[in-house]
Every structure is written in C-alpha cells, then in structure tokens.
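Trainee: Please find start-v5.cif (mmCIF, C-alpha atoms) on the next line:
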data_input
loop_
_atom_site.group_PDB
_atom_site.id
_atom_site.type_symbol
_atom_site.label_atom_id
_atom_site.label_comp_id
_atom_site.auth_asym_id
_atom_site.auth_seq_id
_atom_site.Cartn_x
_atom_site.Cartn_y
_atom_site.Cartn_z
ATOM 1 C CA MET A 1 157.237 169.630 120.967
ATOM 2 C CA SER A 2 155.928 172.210 123.424
ATOM 3 C CA SER A 3 154.141 170.950 126.526
ATOM 4 C CA GLY A 4 151.774 173.905 126.466
ATOM 5 C CA LEU A 5 153.317 176.157 129.093
ATOM 6 C CA ARG A 6 152.518 179.807 128.503
ATOM 7 C CA TRP A 7 155.504 182.086 128.037
ATOM 8 C CA GLY A 8 155.946 185.732 128.926
ATOM 9 C CA ILE A 9 158.949 187.794 127.853
ATOM 10 C CA LEU A 10 160.405 190.376 130.210
ATOM 11 C CA ALA A 11 162.025 193.154 128.091
ATOM 12 C CA THR A 12 161.767 193.989 124.405
ATOM 13 C CA GLY A 13 165.341 194.187 123.084
ATOM 14 C CA GLY A 14 167.030 192.279 120.288
ATOM 15 C CA ILE A 15 167.562 189.028 122.166
ATOM 16 C CA ALA A 16 163.913 189.079 123.292
ATOM 17 C CA SER A 17 162.823 189.414 119.661
ATOM 18 C CA SER A 18 165.040 186.510 118.595
ATOM 19 C CA PHE A 19 163.624 184.318 121.342
ATOM 20 C CA ALA A 20 160.029 185.249 120.516
ATOM 21 C CA THR A 21 160.627 184.448 116.848
ATOM 22 C CA ASP A 22 161.973 180.990 117.675
ATOM 23 C CA LEU A 23 159.161 180.293 120.145
ATOM 24 C CA LEU A 24 156.434 181.046 117.632
ATOM 25 C CA ALA A 25 158.205 179.229 114.788
ATOM 26 C CA ASN A 26 158.272 176.054 116.880
ATOM 27 C CA GLY A 27 154.770 175.874 118.308
ATOM 28 C CA PHE A 28 155.258 177.395 121.762
ATOM 29 C CA GLN A 29 152.574 179.486 123.451
ATOM 30 C CA LEU A 30 153.752 183.084 123.755
ATOM 31 C CA THR A 31 151.079 184.995 125.638
ATOM 32 C CA ALA A 32 152.561 188.242 126.962
ATOM 33 C CA VAL A 33 155.420 190.718 127.024
ATOM 34 C CA GLY A 34 156.415 193.235 129.662
ATOM 35 C CA SER A 35 158.314 196.472 129.151
ATOM 36 C CA ARG A 36 159.053 199.650 131.064
ATOM 37 C CA SER A 37 156.785 201.545 128.670
ATOM 38 C CA GLN A 38 153.416 200.795 127.125
ATOM 39 C CA GLN A 39 154.607 201.941 123.711
ATOM 40 C CA SER A 40 157.511 199.516 123.638
ATOM 41 C CA ALA A 41 155.319 196.665 124.861
ATOM 42 C CA ASP A 42 152.650 197.462 122.259
ATOM 43 C CA GLU A 43 155.196 197.568 119.430
ATOM 44 C CA PHE A 44 156.687 194.240 120.471
ATOM 45 C CA ALA A 45 153.268 192.620 120.885
ATOM 46 C CA GLY A 46 152.225 193.856 117.465
ATOM 47 C CA ARG A 47 155.168 192.096 115.849
ATOM 48 C CA PHE A 48 154.299 188.805 117.515
ATOM 49 C CA GLY A 49 150.646 188.154 116.980
ATOM 50 C CA GLY A 50 148.981 190.643 119.277
ATOM 51 C CA ILE A 51 150.065 189.069 122.564
ATOM 52 C CA THR A 52 149.198 190.877 125.794
ATOM 53 C CA ALA A 53 151.348 193.980 126.253
ATOM 54 C CA HIS A 54 152.165 194.999 129.830
ATOM 55 C CA ALA A 55 153.565 198.434 130.675
ATOM 56 C CA SER A 56 155.679 197.105 133.544
ATOM 57 C CA TYR A 57 157.606 194.004 134.515
ATOM 58 C CA GLU A 58 155.469 193.747 137.646
ATOM 59 C CA GLN A 59 152.326 193.441 135.527
ATOM 60 C CA LEU A 60 153.918 190.732 133.414
ATOM 61 C CA VAL A 61 154.902 188.466 136.313
ATOM 62 C CA ALA A 62 151.453 188.955 137.875
ATOM 63 C CA ASP A 63 149.687 187.859 134.665
ATOM 64 C CA PRO A 64 147.766 184.612 135.414
ATOM 65 C CA GLU A 65 148.113 183.656 131.733
ATOM 66 C CA VAL A 66 151.908 183.377 132.079
ATOM 67 C CA ASP A 67 153.578 180.215 133.423
ATOM 68 C CA VAL A 68 157.202 180.922 132.458
ATOM 69 C CA VAL A 69 159.069 184.229 132.327
ATOM 70 C CA TYR A 70 162.055 184.747 130.053
ATOM 71 C CA VAL A 71 164.292 187.461 131.552
ATOM 72 C CA ALA A 72 166.006 189.369 128.730
ATOM 73 C CA THR A 73 167.196 192.526 130.481
ATOM 74 C CA PRO A 74 170.882 193.581 130.788
ATOM 75 C CA HIS A 75 172.990 191.520 133.207
ATOM 76 C CA PRO A 76 172.790 193.812 136.283
ATOM 77 C CA PHE A 77 168.998 193.492 136.334
ATOM 78 C CA HIS A 78 168.772 189.701 136.044
ATOM 79 C CA GLU A 79 168.711 189.068 139.775
ATOM 80 C CA GLN A 80 165.914 191.478 140.669
ATOM 81 C CA ASN A 81 163.835 190.480 137.630
ATOM 82 C CA ALA A 82 164.273 186.748 138.236
ATOM 83 C CA LEU A 83 163.498 187.029 141.946
ATOM 84 C CA MET A 84 160.358 189.022 141.146
ATOM 85 C CA ALA A 85 159.148 186.322 138.751
ATOM 86 C CA ILE A 86 160.007 183.543 141.205
ATOM 87 C CA ALA A 87 158.105 185.331 143.975
ATOM 88 C CA ALA A 88 155.095 185.373 141.646
ATOM 89 C CA GLY A 89 155.324 181.592 141.276
ATOM 90 C CA LYS A 90 156.663 181.575 137.725
ATOM 91 C CA HIS A 91 159.290 179.312 136.231
ATOM 92 C CA VAL A 92 162.174 181.409 134.904
ATOM 93 C CA LEU A 93 164.580 181.288 131.983
ATOM 94 C CA VAL A 94 167.324 183.861 132.679
ATOM 95 C CA GLU A 95 169.429 185.206 129.840
ATOM 96 C CA LYS A 96 173.152 184.536 130.066
ATOM 97 C CA ALA A 97 175.330 185.540 131.698
ATOM 98 C CA PHE A 98 173.084 184.321 134.521
ATOM 99 C CA THR A 99 173.893 187.301 136.763
ATOM 100 C CA VAL A 100 176.718 189.757 137.411
ATOM 101 C CA ASN A 101 178.349 187.715 140.186
ATOM 102 C CA GLU A 102 178.224 184.424 142.059
ATOM 103 C CA ARG A 103 176.323 185.797 145.070
ATOM 104 C CA GLN A 104 173.434 186.918 142.886
ATOM 105 C CA ALA A 105 173.339 183.544 141.136
ATOM 106 C CA GLU A 106 173.182 181.724 144.471
ATOM 107 C CA ARG A 107 170.231 183.855 145.586
ATOM 108 C CA ILE A 108 168.271 183.095 142.417
ATOM 109 C CA VAL A 109 168.840 179.336 142.623
ATOM 110 C CA GLU A 110 167.966 179.229 146.322
ATOM 111 C CA ALA A 111 164.818 181.312 145.801
ATOM 112 C CA ALA A 112 163.664 178.981 143.014
ATOM 113 C CA ARG A 113 164.272 175.941 145.206
ATOM 114 C CA GLU A 114 162.279 177.423 148.070
ATOM 115 C CA ALA A 115 159.426 178.438 145.741
ATOM 116 C CA GLY A 116 159.325 175.071 143.985
ATOM 117 C CA VAL A 117 159.797 176.526 140.514
ATOM 118 C CA VAL A 118 162.331 175.783 137.788
ATOM 119 C CA VAL A 119 165.073 178.264 136.949
ATOM 120 C CA LEU A 120 167.369 177.765 133.970
ATOM 121 C CA GLU A 121 170.169 179.893 132.556
ATOM 122 C CA ALA A 122 169.532 180.718 128.902
ATOM 123 C CA MET A 123 172.900 179.450 127.702
ATOM 124 C CA TRP A 124 171.046 178.361 124.592
ATOM 125 C CA THR A 125 174.030 176.687 122.945
ATOM 126 C CA ARG A 126 174.148 173.992 125.660
ATOM 127 C CA PHE A 127 170.947 172.513 124.279
ATOM 128 C CA LEU A 128 171.699 172.525 120.537
ATOM 129 C CA PRO A 129 171.957 169.198 118.655
ATOM 130 C CA HIS A 130 175.708 169.416 118.046
ATOM 131 C CA MET A 131 176.397 169.940 121.753
ATOM 132 C CA VAL A 132 174.206 166.972 122.659
ATOM 133 C CA ARG A 133 176.146 164.776 120.221
ATOM 134 C CA ILE A 134 179.527 166.052 121.475
ATOM 135 C CA ARG A 135 178.613 165.041 125.032
ATOM 136 C CA GLU A 136 177.605 161.582 123.758
ATOM 137 C CA ILE A 137 180.927 161.134 121.936
ATOM 138 C CA ILE A 138 182.926 162.151 125.002
ATOM 139 C CA ALA A 139 180.875 159.883 127.287
ATOM 140 C CA ALA A 140 181.418 156.941 124.917
ATOM 141 C CA GLY A 141 185.186 157.297 125.297
ATOM 142 C CA THR A 142 185.797 157.921 121.592
ATOM 143 C CA LEU A 143 188.292 160.689 122.348
ATOM 144 C CA GLY A 144 190.151 158.718 124.996
ATOM 145 C CA ASP A 145 191.298 160.867 127.897
ATOM 146 C CA VAL A 146 190.010 164.374 127.172
ATOM 147 C CA ARG A 147 192.847 166.771 127.957
ATOM 148 C CA THR A 148 192.116 170.171 126.442
ATOM 149 C CA VAL A 149 189.348 172.517 125.332
ATOM 150 C CA ILE A 150 190.227 175.369 122.981
ATOM 151 C CA ALA A 151 187.612 177.996 122.098
ATOM 152 C CA ASP A 152 187.400 181.635 121.112
ATOM 153 C CA HIS A 153 184.552 184.099 120.742
ATOM 154 C CA ASN A 154 185.557 187.319 119.021
ATOM 155 C CA GLN A 155 183.152 189.758 117.407
ATOM 156 C CA LYS A 156 183.410 193.250 115.978
ATOM 157 C CA LEU A 157 180.749 194.980 118.066
ATOM 158 C CA PRO A 158 179.646 198.630 118.477
ATOM 159 C CA SER A 159 182.420 200.933 119.704
ATOM 160 C CA ASP A 160 180.046 203.690 120.836
ATOM 161 C CA PRO A 161 181.097 204.420 124.446
ATOM 162 C CA HIS A 162 177.436 204.839 125.382
ATOM 163 C CA HIS A 163 176.462 201.399 124.063
ATOM 164 C CA ARG A 164 175.501 198.799 126.675
ATOM 165 C CA LEU A 165 178.513 196.660 125.786
ATOM 166 C CA ASN A 166 180.886 199.470 126.749
ATOM 167 C CA ALA A 167 179.101 200.568 129.925
ATOM 168 C CA PRO A 168 180.387 199.174 133.256
ATOM 169 C CA GLU A 169 177.096 200.039 134.961
ATOM 170 C CA LEU A 170 175.317 197.687 132.524
ATOM 171 C CA GLY A 171 177.782 194.826 132.912
ATOM 172 C CA GLY A 172 179.524 195.625 129.638
ATOM 173 C CA GLY A 173 182.693 194.133 128.239
ATOM 174 C CA ALA A 174 183.755 190.966 126.485
ATOM 175 C CA LEU A 175 183.586 188.800 129.605
ATOM 176 C CA LEU A 176 179.863 188.562 130.386
ATOM 177 C CA ASP A 177 178.649 188.833 126.797
ATOM 178 C CA LEU A 178 181.211 186.801 124.861
ATOM 179 C CA ALA A 179 183.614 184.896 127.134
ATOM 180 C CA ILE A 180 180.649 183.321 128.897
ATOM 181 C CA TYR A 181 180.255 181.034 125.847
ATOM 182 C CA PRO A 182 183.712 179.398 125.897
ATOM 183 C CA VAL A 183 183.810 179.353 129.711
ATOM 184 C CA SER A 184 180.467 177.546 129.874
ATOM 185 C CA PHE A 185 181.624 175.132 127.161
ATOM 186 C CA ALA A 186 184.845 174.361 129.026
ATOM 187 C CA VAL A 187 182.943 173.656 132.236
ATOM 188 C CA ASP A 188 180.502 171.453 130.332
ATOM 189 C CA VAL A 189 183.333 169.328 128.914
ATOM 190 C CA LEU A 190 185.955 169.333 131.689
ATOM 191 C CA GLY A 191 184.029 170.339 134.808
ATOM 192 C CA VAL A 192 184.368 173.278 137.170
ATOM 193 C CA PRO A 193 188.010 174.426 137.119
ATOM 194 C CA THR A 194 190.378 174.164 140.049
ATOM 195 C CA GLY A 195 192.378 177.199 138.938
ATOM 196 C CA VAL A 196 191.941 180.326 136.819
ATOM 197 C CA ARG A 197 194.476 182.540 135.069
ATOM 198 C CA ALA A 198 193.384 185.594 133.112
ATOM 199 C CA SER A 199 194.743 188.616 131.279
ATOM 200 C CA ALA A 200 192.867 191.450 129.596
ATOM 201 C CA SER A 201 193.109 194.811 127.904
ATOM 202 C CA MET A 202 190.553 197.438 128.843
ATOM 203 C CA THR A 203 188.589 200.121 127.016
ATOM 204 C CA ALA A 204 188.561 203.785 127.936
ATOM 205 C CA THR A 205 185.192 203.201 129.618
ATOM 206 C CA GLY A 206 186.665 200.582 131.963
ATOM 207 C CA VAL A 207 185.369 197.299 130.550
ATOM 208 C CA ASP A 208 187.437 194.486 129.069
ATOM 209 C CA ARG A 209 188.092 194.847 125.348
ATOM 210 C CA GLN A 210 189.612 191.386 125.123
ATOM 211 C CA THR A 211 190.265 188.693 127.691
ATOM 212 C CA ALA A 212 192.402 185.559 127.590
ATOM 213 C CA ILE A 213 191.617 182.795 130.087
ATOM 214 C CA ILE A 214 193.347 179.551 130.998
ATOM 215 C CA LEU A 215 191.310 177.230 133.186
ATOM 216 C CA GLU A 216 193.007 174.428 135.102
ATOM 217 C CA HIS A 217 190.876 171.330 135.640
ATOM 218 C CA GLU A 218 191.360 168.133 137.625
ATOM 219 C CA GLY A 219 194.044 165.779 136.362
ATOM 220 C CA GLY A 220 196.125 168.490 134.727
ATOM 221 C CA ARG A 221 193.529 169.219 132.058
ATOM 222 C CA GLN A 222 193.304 172.719 130.590
ATOM 223 C CA SER A 223 190.966 175.049 128.747
ATOM 224 C CA VAL A 224 192.469 177.809 126.603
ATOM 225 C CA LEU A 225 189.870 180.494 125.928
ATOM 226 C CA HIS A 226 189.693 183.970 124.402
ATOM 227 C CA ALA A 227 187.039 186.626 123.819
ATOM 228 C CA ALA A 228 187.099 190.105 122.294
ATOM 229 C CA LEU A 229 184.473 192.667 121.342
ATOM 230 C CA ASP A 230 186.503 194.740 118.874
ATOM 231 C CA THR A 231 187.885 192.089 116.494
ATOM 232 C CA ALA A 232 186.141 189.473 114.366
ATOM 233 C CA GLY A 233 187.663 186.044 114.912
ATOM 234 C CA PRO A 234 187.428 182.540 113.466
ATOM 235 C CA ASN A 235 185.178 181.489 116.364
ATOM 236 C CA VAL A 236 186.058 177.810 116.177
ATOM 237 C CA ALA A 237 186.606 175.299 118.960
ATOM 238 C CA ALA A 238 188.245 171.956 119.580
ATOM 239 C CA VAL A 239 188.152 169.225 122.200
ATOM 240 C CA LEU A 240 191.421 167.291 122.332
ATOM 241 C CA GLY A 241 191.708 163.743 123.625
ATOM 242 C CA THR A 242 194.445 161.127 123.653
ATOM 243 C CA GLN A 243 192.657 158.993 121.024
ATOM 244 C CA ALA A 244 190.873 161.604 118.900
ATOM 245 C CA ARG A 245 189.783 165.218 118.743
ATOM 246 C CA ILE A 246 186.626 167.108 117.865
ATOM 247 C CA GLU A 247 186.938 170.107 115.547
ATOM 248 C CA ILE A 248 183.847 172.307 115.664
ATOM 249 C CA ASP A 249 183.275 174.577 112.699
ATOM 250 C CA ARG A 250 182.513 178.295 112.709
ATOM 251 C CA THR A 251 180.574 179.538 114.608
ATOM 252 C CA TRP A 252 181.339 176.785 117.112
ATOM 253 C CA TYR A 253 178.706 177.556 119.739
ATOM 254 C CA MET A 254 175.900 177.415 117.163
ATOM 255 C CA ALA A 255 177.577 175.203 114.561
ATOM 256 C CA THR A 256 175.688 172.593 112.576
ATOM 257 C CA THR A 257 178.827 170.641 111.607
ATOM 258 C CA PHE A 258 181.866 169.140 113.306
ATOM 259 C CA ARG A 259 184.309 166.287 112.769
ATOM 260 C CA VAL A 260 185.892 163.628 114.965
ATOM 261 C CA ILE A 261 189.488 163.019 113.820
ATOM 262 C CA ASP A 262 192.019 160.493 115.078
ATOM 263 C CA PRO A 263 195.794 161.127 115.443
ATOM 264 C CA GLU A 264 196.405 159.737 111.923
ATOM 265 C CA GLN A 265 193.973 162.379 110.580
ATOM 266 C CA ASN A 266 191.275 159.836 109.761
ATOM 267 C CA VAL A 267 187.770 161.279 110.042
ATOM 268 C CA LEU A 268 185.836 158.999 112.380
ATOM 269 C CA GLU A 269 182.576 160.935 112.269
ATOM 270 C CA GLU A 270 181.160 163.914 110.418
ATOM 271 C CA PHE A 271 178.230 165.592 112.134
ATOM 272 C CA ASP A 272 175.844 167.625 109.986
ATOM 273 C CA HIS A 273 172.550 168.673 111.551
ATOM 274 C CA PRO A 274 170.861 171.852 110.274
ATOM 275 C CA VAL A 275 169.072 173.917 112.914
ATOM 276 C CA THR A 276 165.861 175.748 112.118
ATOM 277 C CA SER A 277 165.565 179.373 113.198
ATOM 278 C CA ARG A 278 168.374 180.658 115.425
ATOM 279 C CA GLY A 279 168.128 177.650 117.708
ATOM 280 C CA MET A 280 166.820 179.307 120.864
ATOM 281 C CA GLN A 281 163.849 176.948 120.991
ATOM 282 C CA TYR A 282 165.958 174.068 122.325
ATOM 283 C CA GLN A 283 166.427 175.701 125.722
ATOM 284 C CA ALA A 284 162.679 176.315 125.914
ATOM 285 C CA TRP A 285 161.991 172.658 125.148
ATOM 286 C CA GLU A 286 164.402 171.649 127.898
ATOM 287 C CA LEU A 287 162.805 173.935 130.483
ATOM 288 C CA GLU A 288 159.359 172.598 129.613
ATOM 289 C CA ARG A 289 160.684 169.028 129.849
ATOM 290 C CA VAL A 290 162.138 169.707 133.311
ATOM 291 C CA VAL A 291 158.833 171.165 134.503
ATOM 292 C CA ALA A 292 156.805 168.256 133.087
ATOM 293 C CA ALA A 293 159.159 165.737 134.713
ATOM 294 C CA GLY A 294 158.828 167.402 138.104
ATOM 295 C CA GLU A 295 162.569 168.019 138.286
ATOM 296 C CA PHE A 296 164.245 170.993 139.957
ATOM 297 C CA SER A 297 166.834 171.775 137.295
ATOM 298 C CA SER A 298 168.204 170.526 134.000
ATOM 299 C CA PRO A 299 171.023 167.963 134.004
ATOM 300 C CA LEU A 300 172.345 169.755 130.909
ATOM 301 C CA LEU A 301 172.870 172.940 132.931
ATOM 302 C CA PRO A 302 172.035 172.611 136.641
ATOM 303 C CA GLY A 303 171.560 175.754 138.661
ATOM 304 C CA SER A 304 174.593 174.808 140.730
ATOM 305 C CA GLU A 305 176.721 174.864 137.587
ATOM 306 C CA SER A 306 175.455 178.312 136.590
ATOM 307 C CA VAL A 307 176.484 179.475 140.067
ATOM 308 C CA ALA A 308 179.932 177.895 139.668
ATOM 309 C CA ILE A 309 180.428 179.518 136.268
ATOM 310 C CA MET A 310 179.672 182.921 137.771
ATOM 311 C CA GLY A 311 182.302 182.124 140.398
ATOM 312 C CA VAL A 312 184.835 181.530 137.618
ATOM 313 C CA LEU A 313 183.917 184.851 136.009
ATOM 314 C CA ASP A 314 184.245 186.577 139.398
ATOM 315 C CA GLU A 315 187.820 185.302 139.647
ATOM 316 C CA VAL A 316 188.590 186.448 136.103
ATOM 317 C CA ARG A 317 187.244 189.881 136.977
ATOM 318 C CA ARG A 318 189.350 190.008 140.116
ATOM 319 C CA GLN A 319 192.492 189.235 138.141
ATOM 320 C CA ILE A 320 191.855 191.711 135.324
ATOM 321 C CA GLY A 321 190.470 194.489 137.531
ATOM 322 C CA LEU A 322 186.970 194.599 136.032
ATOM 323 C CA GLU A 323 184.466 196.197 138.399
ATOM 324 C CA PHE A 324 180.760 196.849 137.950
ATOM 325 C CA PRO A 325 179.176 199.742 139.886
ATOM 326 C CA GLY A 326 176.402 198.956 142.334
ATOM 327 C CA GLU A 327 177.190 195.307 143.039
#
Translate this structure into structure tokens?

Mentor:
Amino acid sequence: MSSGLRWGILATGGIASSFATDLLANGFQLTAVGSRSQQSADEFAGRFGGITAHASYEQLVADPEVDVVYVATPHPFHEQNALMAIAAGKHVLVEKAFTVNERQAERIVEAAREAGVVVLEAMWTRFLPHMVRIREIIAAGTLGDVRTVIADHNQKLPSDPHHRLNAPELGGGALLDLAIYPVSFAVDVLGVPTGVRASASMTATGVDRQTAIILEHEGGRQSVLHAALDTAGPNVAAVLGTQARIEIDRTWYMATTFRVIDPEQNVLEEFDHPVTSRGMQYQAWELERVVAAGEFSSPLLPGSESVAIMGVLDEVRRQIGLEFPGE
C-alpha cells in the first residue's frame, strides 16, 4: 500500500508510460510529469488523469507537489537528471541501468547521502515476489552451497540504426539495456564478482549486438550470462546449488513461476504467484517503505551495489571495446 508520497515522472517515453500505469493501478499518487516540450507533457498528462504537465525537467523537480522523481530518460542523461532532482530535495528512482559508468553512479549516491534523500535504481525485477522468495530459499540453505547462476536476456529489437538502442551517444547496445538484468541477478545471488570475462559482437553503429559474460565470484562460484538485441531467446534462468537448483520460467526476470528441484529430479517447491500489471509498482512500494523507515537505501538494492554493478559493466565494456561518446 502506498504511503502517500507524491510522484513526478521525468520524461514521457514508453517506460515512463508503463510506470505511470502501474502506479495508478496500485493506488499511488501521481501528480506531475516533466518533458522537454509542453505538447509531449500535455499528451502524457492527458492519458493519466490530467496530472500537472511541465514543459521542462527543471519545472518538474521544482514542483512543491512532487516528493519523488522517477527518472526515465536514456542512460547518458540519468546522472544530470538525478542530480538535479536531488538538489531540489526530491527522493529519486533512477531507471536502470543506473548510469553509463561507475563514476556517475558514485556521484549520484554521494549526492543523495549528502542531501538526506533516498535514491534507488529502478531494477524493478529485484522487488518482484518471485525474487523475494528465491532469496528466502537461498538464505534457508535449501540449495546447499550455491555454485552457479545461469541467465540470458535476448530480444529481437529494432534494427533501425537511428534507434536509441543502436546509438552509442545514447548508451545503446545489449549491455546497458539487456545484460543489466542477468548481471544484477548474478550479483544479487552470488555477490559482487572478483573477476570478469566478456566477449561480444558489434553492430555497424558501434554498439554490442550480443555479449557473453562470465563472472567469477568468491569461492570459485560462477555466473554464466548472455544478452543480445537481435535474436529472441528462451530468457530462462537457473540457480545451481549442491543440494538443489532453482529453475525460473520464461521470462525469468518477471516470471510468476519457478521450481526447486533436487538432484534426483524431485520437485521440492513450485512457486506460482501472479503479478498484477507489469510489476513496476513493487519498486515504488520499496522506495516509499525506505523513506517511511528513515533509511538511506534499500537492503534489496543498496546504492553501493548499484555502483558496483556499474563497475562490472565498465569492465565488460573495456574488454569488448564499447565506448560511449561524451563520458
């Protein structure tokens, strides 16, 4: 249940619309939207109950009727947009990937700490019911010694060279949009890696078409991950332990079902928990809970972990030769 914080949405693209839909369907207070044009803001506001439409991001963060700002711009703009909202005293939910690089992520987290506001990366899958249950199963020792995470995220996405996903200047490529899901999942289960190995193939525009990643974790544990933006994949995941494994159904990061299976193929648990809407409301509930509790960040995704994940992606980029202009 919402605590009553008033939400403002910064940007009017597809992900902003999805978030607004889930907010309103679950009793949150959505009060304003900000865009770079009045027309875009007005159109968005009209679709969501006549909320206040601001013709600039600056106007949105200055709105006294907004307590929390959801940053839904392309990756290269996350830092400046988040810092602007933080400077205005707003709590901030920043769309994933959190930033373009680790340095930017560090600046956001430090600014939020100094301002006394909450900042949370909008890795919405971290907060879904199936992920909560998976963490409980692992913590209970049901799997034994957890050794391996396997996950892929492959989608057939627009091939237009002018599309955001194919534009280096907009942080395009499979890594920040798709690989962020399995990388974040691996860190959630096995912790920040001690080593990274990566290989990729690139598009003509200079972004990664597909990327394979092996993460090395403490104790010889491994994560085997893959992402691609030009092929549709099974998009399943597994967590392998010495006593049992978890098989997460398609699409694993937003699945409503999974099974716990022992080495003799006995099913120890079947999880089935339908999620209303797309499921983006769970991250909003968590941010509001953190604010109400007077905490600095969420234990489900601390700011320090978002910074560490960006460090992992930086190393992947270094190995595959992926560069973004203007960093």

Trainee: Hey, can you check how far atom CA of Ile108 of chain A sits from atom CA of Gln29 of chain A?

Mentor: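 Calculated distance between atom CA of Ile108 of chain A and atom CA of Gln29 of chain A is 24.9 Å.
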
Trainee: With the file shown as input, list the residues that the PyMOL selection byres ((chain A and resi 85-93) around 6) selects, as a PDB file with C-alpha atoms, in the frame of the given file.

Mentor:
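The new file out26.pdb reads:
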ATOM      1  CA  VAL A  61     154.902 188.466 136.313  1.00  0.00           C
ATOM      2  CA  ASP A  67     153.578 180.215 133.423  1.00  0.00           C
ATOM      3  CA  VAL A  68     157.202 180.922 132.458  1.00  0.00           C
ATOM      4  CA  VAL A  69     159.069 184.229 132.327  1.00  0.00           C
ATOM      5  CA  TYR A  70     162.055 184.747 130.053  1.00  0.00           C
ATOM      6  CA  ALA A  82     164.273 186.748 138.236  1.00  0.00           C
ATOM      7  CA  LEU A  83     163.498 187.029 141.946  1.00  0.00           C
ATOM      8  CA  MET A  84     160.358 189.022 141.146  1.00  0.00           C
ATOM      9  CA  VAL A  94     167.324 183.861 132.679  1.00  0.00           C
ATOM     10  CA  VAL A 117     159.797 176.526 140.514  1.00  0.00           C
ATOM     11  CA  VAL A 118     162.331 175.783 137.788  1.00  0.00           C
ATOM     12  CA  VAL A 119     165.073 178.264 136.949  1.00  0.00           C
ATOM     13  CA  LEU A 120     167.369 177.765 133.970  1.00  0.00           C
ATOM     14  CA  GLU A 121     170.169 179.893 132.556  1.00  0.00           C
ATOM     15  CA  ALA A 122     169.532 180.718 128.902  1.00  0.00           C
TER      16      ALA A 122
END

Trainee: Using the chain letters and numbers from the file, which residues does the PyMOL selection byres ((chain A and resi 244) around 10) grab, as an MDAnalysis selection string?

Mentor: chainID A and resid 141:146 239:243 245:247 260:268

Trainee: May I have the residues from that selection written out with C-alpha atoms, as a short mmCIF file (atom, residue, chain, number, x, y, z; two decimals), in the coordinates of the input?

Mentor:
data_model
loop_
_atom_site.label_atom_id
_atom_site.label_comp_id
_atom_site.auth_asym_id
_atom_site.auth_seq_id
_atom_site.Cartn_x
_atom_site.Cartn_y
_atom_site.Cartn_z
CA GLY A 141 185.19 157.30 125.30
CA THR A 142 185.80 157.92 121.59
CA LEU A 143 188.29 160.69 122.35
CA GLY A 144 190.15 158.72 125.00
CA ASP A 145 191.30 160.87 127.90
CA VAL A 146 190.01 164.37 127.17
CA VAL A 239 188.15 169.22 122.20
CA LEU A 240 191.42 167.29 122.33
CA GLY A 241 191.71 163.74 123.62
CA THR A 242 194.44 161.13 123.65
CA GLN A 243 192.66 158.99 121.02
CA ARG A 245 189.78 165.22 118.74
CA ILE A 246 186.63 167.11 117.86
CA GLU A 247 186.94 170.11 115.55
CA VAL A 260 185.89 163.63 114.96
CA ILE A 261 189.49 163.02 113.82
CA ASP A 262 192.02 160.49 115.08
CA PRO A 263 195.79 161.13 115.44
CA GLU A 264 196.40 159.74 111.92
CA GLN A 265 193.97 162.38 110.58
CA ASN A 266 191.28 159.84 109.76
CA VAL A 267 187.77 161.28 110.04
CA LEU A 268 185.84 159.00 112.38
#

Trainee: Name the residues in contact with segment 279-283 of chain A at a cut-off of 8 Å, using all atoms listed in the file, excluding same-chain residues fewer than 5 positions from it; report them as a list in words.

Mentor: Ser18, Phe19, Asp22, Leu23, Asn26, Ala122, Met123, Trp124, Thr125, Arg126, Phe127, Leu128 and Met254 of chain A

Trainee: Given the selection you just returned, output its residues as a file containing C-alpha atoms, formatted as a PDB file, keeping the file's coordinate frame.

Mentor:
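This is the output file again03.pdb:
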ATOM      1  CA  SER A  18     165.040 186.510 118.595  1.00  0.00           C
ATOM      2  CA  PHE A  19     163.624 184.318 121.342  1.00  0.00           C
ATOM      3  CA  ASP A  22     161.973 180.990 117.675  1.00  0.00           C
ATOM      4  CA  LEU A  23     159.161 180.293 120.145  1.00  0.00           C
ATOM      5  CA  ASN A  26     158.272 176.054 116.880  1.00  0.00           C
ATOM      6  CA  ALA A 122     169.532 180.718 128.902  1.00  0.00           C
ATOM      7  CA  MET A 123     172.900 179.450 127.702  1.00  0.00           C
ATOM      8  CA  TRP A 124     171.046 178.361 124.592  1.00  0.00           C
ATOM      9  CA  THR A 125     174.030 176.687 122.945  1.00  0.00           C
ATOM     10  CA  ARG A 126     174.148 173.992 125.660  1.00  0.00           C
ATOM     11  CA  PHE A 127     170.947 172.513 124.279  1.00  0.00           C
ATOM     12  CA  LEU A 128     171.699 172.525 120.537  1.00  0.00           C
ATOM     13  CA  MET A 254     175.900 177.415 117.163  1.00  0.00           C
TER      14      MET A 254
END

Trainee: Which neighbours of Thr205 of chain A fall inside 7 Å, counting only C-alpha atoms, when residues of the same chain fewer than 4 positions from it are skipped, and could you give them as number ranges by chain?

Mentor: A: 161, 166-167

Trainee: Under the rule that only C-alpha atoms are counted, which of A:Ala97, A:Ile213, A:Val109, A:Val207 is the nearest residue to Glu169 of chain A?

Mentor: A:Val207

Trainee: Hey, which of A:Phe324, A:Phe28, A:Phe77, A:Phe258 ends up closest to Asp208 of chain A? Count all atoms listed in the file.

Mentor: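 Closest residue, counting all atoms listed in the file: A:Phe324.
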
Trainee: So which residues get picked by the PyMOL selection byres ((chain A and resi 305-310) around 9) here, written as a PyMOL selection string?

Mentor: chain A and resi 97-106+109+120-121+180+183-184+187-188+192+301-304+311-315

Trainee: Could you work out how far atom CA of Ala228 of chain A lies from atom CA of Ser201 of chain A, giving the answer in Å with one decimal?

Mentor: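 Here the two named atoms are 9.5 Å from each other.
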
Trainee: I want to know what sits within 10 Å of Asp230 of chain A, based on all atoms listed in the file, with residues of the same chain fewer than 6 positions away left out; could you give that as a tab-separated table (two decimals) with C-alpha atoms, in the coordinates of the input?

Mentor:
chain	number	residue	atom	x	y	z
A	154	ASN	CA	185.56	187.32	119.02
A	155	GLN	CA	183.15	189.76	117.41
A	156	LYS	CA	183.41	193.25	115.98
A	157	LEU	CA	180.75	194.98	118.07
A	158	PRO	CA	179.65	198.63	118.48
A	159	SER	CA	182.42	200.93	119.70
A	174	ALA	CA	183.76	190.97	126.48
A	203	THR	CA	188.59	200.12	127.02
A	209	ARG	CA	188.09	194.85	125.35
A	210	GLN	CA	189.61	191.39	125.12
